[in-house]
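Just below is one structure, and these are the notes that go with it.
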Amino acid sequence: CALPISLTAVFLCYLSDFSKPVFKKEELAAITQSVLKQNLTLDDTFKTIVSELKAKYPHHIHDTGVWITNCAGGFKSSMYFLHGSITEYLIFWGAALPTVGHSGRNYAEFHDFVLSGRFRQWKEGTTSYQSFSRGEYVWHGKLEGGVVGLDENTWALEWCNGFIPSM
């Protein structure tokens, strides 16, 4: 009984395209670009972005101050949660050491704003990867699979929009 309900929820959420997200890609991009132009240390970059996000989205940013280590899809990384709901999350994530893993195949799309290091994305069906550096934007679409590699000291602000429980 629970499986059909779960599959129906996933299907309805996928079709709905989540037309009313809290965050907007353009606003997140503007905030990260503005902060990166200040040439702050990485820790100050995180703090300043959090401050800007709190000003823009006052009831949606929860600054816990806690980094959580994670191993998912082969990645060994760290995450700092800023917002979470059934349809969105906003985190800082990355790794101090090089890591590589599978992106997963999710009912969600990922928007990464690279704050430091080098982010490599090898999309399924291709024979080469793309490389993204500080200040660049990376997009990963719904149900797309691929390999992602993070060089040493690569960190990003990541906004995920979709059916989060499917991940």
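Chain labels run A, B, ... following the order of the structure tokens; each chain numbers its residues from 1, and ligands are numbered from 1 in the order shown.
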
Exercise. Within 12 Å of A:Ala72, counting only C-alpha atoms, which residues show up once you throw out same-chain ones fewer than 4 positions away? Write them as a VMD selection string, please.
Key: chain A and resid 76 to 79 99 to 104 148 167

Would you mind exporting N, CA and C atoms of the selected residues as a CSV table (one decimal), in the first residue's frame?
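This is the output file again_24.csv:
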```csv
chain,number,residue,atom,x,y,z
A,76,LYS,N,33.3,11.7,-0.7
A,76,LYS,CA,33.5,11.9,0.7
A,76,LYS,C,33.6,13.4,0.8
A,77,SER,N,32.6,14.0,1.4
A,77,SER,CA,32.5,15.5,1.4
A,77,SER,C,31.9,16.0,2.8
A,78,SER,N,31.7,17.3,2.8
A,78,SER,CA,31.2,17.9,4.0
A,78,SER,C,30.1,18.8,3.6
A,79,MET,N,29.0,18.9,4.4
A,79,MET,CA,27.9,19.8,4.1
A,79,MET,C,27.5,20.6,5.3
A,99,THR,N,38.0,14.3,-4.3
A,99,THR,CA,37.0,13.2,-4.2
A,99,THR,C,36.3,13.2,-5.5
A,100,VAL,N,35.7,12.0,-5.8
A,100,VAL,CA,35.0,11.8,-7.0
A,100,VAL,C,33.8,10.8,-6.7
A,101,GLY,N,32.7,10.9,-7.4
A,101,GLY,CA,31.6,10.0,-7.2
A,101,GLY,C,30.5,10.2,-8.2
A,102,HIS,N,29.5,9.4,-8.1
A,102,HIS,CA,28.3,9.4,-9.0
A,102,HIS,C,27.3,10.4,-8.5
A,103,SER,N,26.8,11.2,-9.4
A,103,SER,CA,25.9,12.3,-9.1
A,103,SER,C,24.6,11.8,-8.5
A,104,GLY,N,24.2,10.5,-8.8
A,104,GLY,CA,22.9,10.0,-8.5
A,104,GLY,C,22.0,10.3,-9.7
A,148,VAL,N,31.0,13.3,-10.9
A,148,VAL,CA,31.5,14.6,-10.5
A,148,VAL,C,32.8,14.4,-9.7
A,167,MET,N,15.9,11.4,-3.0
A,167,MET,CA,17.4,11.3,-3.1
A,167,MET,C,18.0,10.3,-2.1
```

Quiz item: Which neighbours of A:Val138 fall inside 8 Å, counting only C-alpha atoms, when residues of the same chain fewer than 5 positions from it are skipped, and could you give them as a PyMOL selection string?
Solution: chain A and resi 110-114+132

Give me, as an mmCIF file with all heavy atoms, in the first residue's frame, all polymer residues having an atom no more than 9 Å from A:Gly135, counting only C-alpha atoms and skipping those fewer than 3 positions away in the same chain.
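Full text of out22.cif as output:
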```
data_model
loop_
_atom_site.group_PDB
_atom_site.id
_atom_site.type_symbol
_atom_site.label_atom_id
_atom_site.label_comp_id
_atom_site.auth_asym_id
_atom_site.auth_seq_id
_atom_site.Cartn_x
_atom_site.Cartn_y
_atom_site.Cartn_z
ATOM 1 N N ALA A 29 22.915 33.452 -7.574
ATOM 2 C CA ALA A 29 24.097 33.777 -8.375
ATOM 3 C C ALA A 29 24.582 35.189 -8.066
ATOM 4 O O ALA A 29 25.792 35.420 -7.914
ATOM 5 C CB ALA A 29 23.787 33.634 -9.862
ATOM 6 N N THR A 32 26.329 35.213 -4.603
ATOM 7 C CA THR A 32 27.667 34.589 -4.604
ATOM 8 C C THR A 32 28.663 35.429 -5.389
ATOM 9 O O THR A 32 29.800 35.612 -4.955
ATOM 10 C CB THR A 32 27.635 33.138 -5.141
ATOM 11 O OG1 THR A 32 27.064 33.113 -6.437
ATOM 12 C CG2 THR A 32 26.853 32.218 -4.224
ATOM 13 N N GLN A 33 28.262 35.974 -6.522
ATOM 14 C CA GLN A 33 29.177 36.807 -7.319
ATOM 15 C C GLN A 33 29.597 38.052 -6.549
ATOM 16 O O GLN A 33 30.774 38.434 -6.573
ATOM 17 C CB GLN A 33 28.533 37.193 -8.652
ATOM 18 C CG GLN A 33 28.402 36.051 -9.628
ATOM 19 C CD GLN A 33 29.749 35.445 -9.999
ATOM 20 O OE1 GLN A 33 30.722 36.145 -10.249
ATOM 21 N NE2 GLN A 33 29.799 34.126 -10.022
ATOM 22 N N LEU A 36 32.057 36.963 -3.823
ATOM 23 C CA LEU A 36 33.347 36.532 -4.371
ATOM 24 C C LEU A 36 34.192 37.723 -4.837
ATOM 25 O O LEU A 36 35.425 37.674 -4.760
ATOM 26 C CB LEU A 36 33.142 35.536 -5.515
ATOM 27 C CG LEU A 36 32.666 34.152 -5.090
ATOM 28 C CD1 LEU A 36 32.387 33.283 -6.314
ATOM 29 C CD2 LEU A 36 33.658 33.475 -4.163
ATOM 30 N N LYS A 37 33.554 38.791 -5.290
ATOM 31 C CA LYS A 37 34.290 39.983 -5.724
ATOM 32 C C LYS A 37 35.042 40.646 -4.568
ATOM 33 O O LYS A 37 35.966 41.417 -4.784
ATOM 34 C CB LYS A 37 33.334 40.991 -6.357
ATOM 35 C CG LYS A 37 32.883 40.593 -7.736
ATOM 36 C CD LYS A 37 31.922 41.611 -8.318
ATOM 37 C CE LYS A 37 31.413 41.123 -9.661
ATOM 38 N NZ LYS A 37 30.364 41.988 -10.193
ATOM 39 N N PHE A 113 27.131 26.828 -7.237
ATOM 40 C CA PHE A 113 27.860 28.074 -7.431
ATOM 41 C C PHE A 113 29.227 27.864 -6.796
ATOM 42 O O PHE A 113 29.347 27.806 -5.564
ATOM 43 C CB PHE A 113 27.108 29.233 -6.779
ATOM 44 C CG PHE A 113 25.676 29.334 -7.265
ATOM 45 C CD1 PHE A 113 24.655 28.646 -6.609
ATOM 46 C CD2 PHE A 113 25.357 30.069 -8.391
ATOM 47 C CE1 PHE A 113 23.345 28.715 -7.059
ATOM 48 C CE2 PHE A 113 24.049 30.142 -8.852
ATOM 49 C CZ PHE A 113 23.039 29.465 -8.186
ATOM 50 N N VAL A 114 30.259 27.692 -7.607
ATOM 51 C CA VAL A 114 31.585 27.314 -7.117
ATOM 52 C C VAL A 114 32.234 28.498 -6.400
ATOM 53 O O VAL A 114 32.377 29.580 -6.964
ATOM 54 C CB VAL A 114 32.480 26.808 -8.266
ATOM 55 C CG1 VAL A 114 33.838 26.370 -7.733
ATOM 56 C CG2 VAL A 114 31.799 25.659 -9.021
ATOM 57 N N LEU A 115 32.617 28.253 -5.156
ATOM 58 C CA LEU A 115 33.233 29.287 -4.321
ATOM 59 C C LEU A 115 34.752 29.188 -4.312
ATOM 60 O O LEU A 115 35.441 30.195 -4.125
ATOM 61 C CB LEU A 115 32.702 29.185 -2.889
ATOM 62 C CG LEU A 115 31.181 29.256 -2.743
ATOM 63 C CD1 LEU A 115 30.778 29.028 -1.288
ATOM 64 C CD2 LEU A 115 30.650 30.583 -3.258
ATOM 65 N N SER A 116 35.261 27.972 -4.470
ATOM 66 C CA SER A 116 36.716 27.775 -4.509
ATOM 67 C C SER A 116 37.019 26.429 -5.156
ATOM 68 O O SER A 116 36.156 25.560 -5.240
ATOM 69 C CB SER A 116 37.321 27.823 -3.100
ATOM 70 O OG SER A 116 36.923 26.689 -2.350
ATOM 71 N N PHE A 132 34.786 23.538 -13.938
ATOM 72 C CA PHE A 132 34.248 24.796 -13.447
ATOM 73 C C PHE A 132 35.096 25.278 -12.273
ATOM 74 O O PHE A 132 35.452 24.490 -11.395
ATOM 75 C CB PHE A 132 32.801 24.620 -12.985
ATOM 76 C CG PHE A 132 31.894 24.079 -14.056
ATOM 77 C CD1 PHE A 132 31.757 22.713 -14.242
ATOM 78 C CD2 PHE A 132 31.197 24.932 -14.889
ATOM 79 C CE1 PHE A 132 30.934 22.201 -15.228
ATOM 80 C CE2 PHE A 132 30.369 24.434 -15.888
ATOM 81 C CZ PHE A 132 30.236 23.066 -16.060
#
```

Self-check item: Among listed residues A:Trp122, A:Phe23, A:Val66, A:Glu152, nearest A:Ser85 (using only C-alpha atoms)
Solution: A:Phe23

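Each of A:Tyr89, A:Gly117, A:Asn106, A:Gly73 was compared to A:Val147 using only C-alpha atoms, and A:Gly73 turns out to be the nearest.
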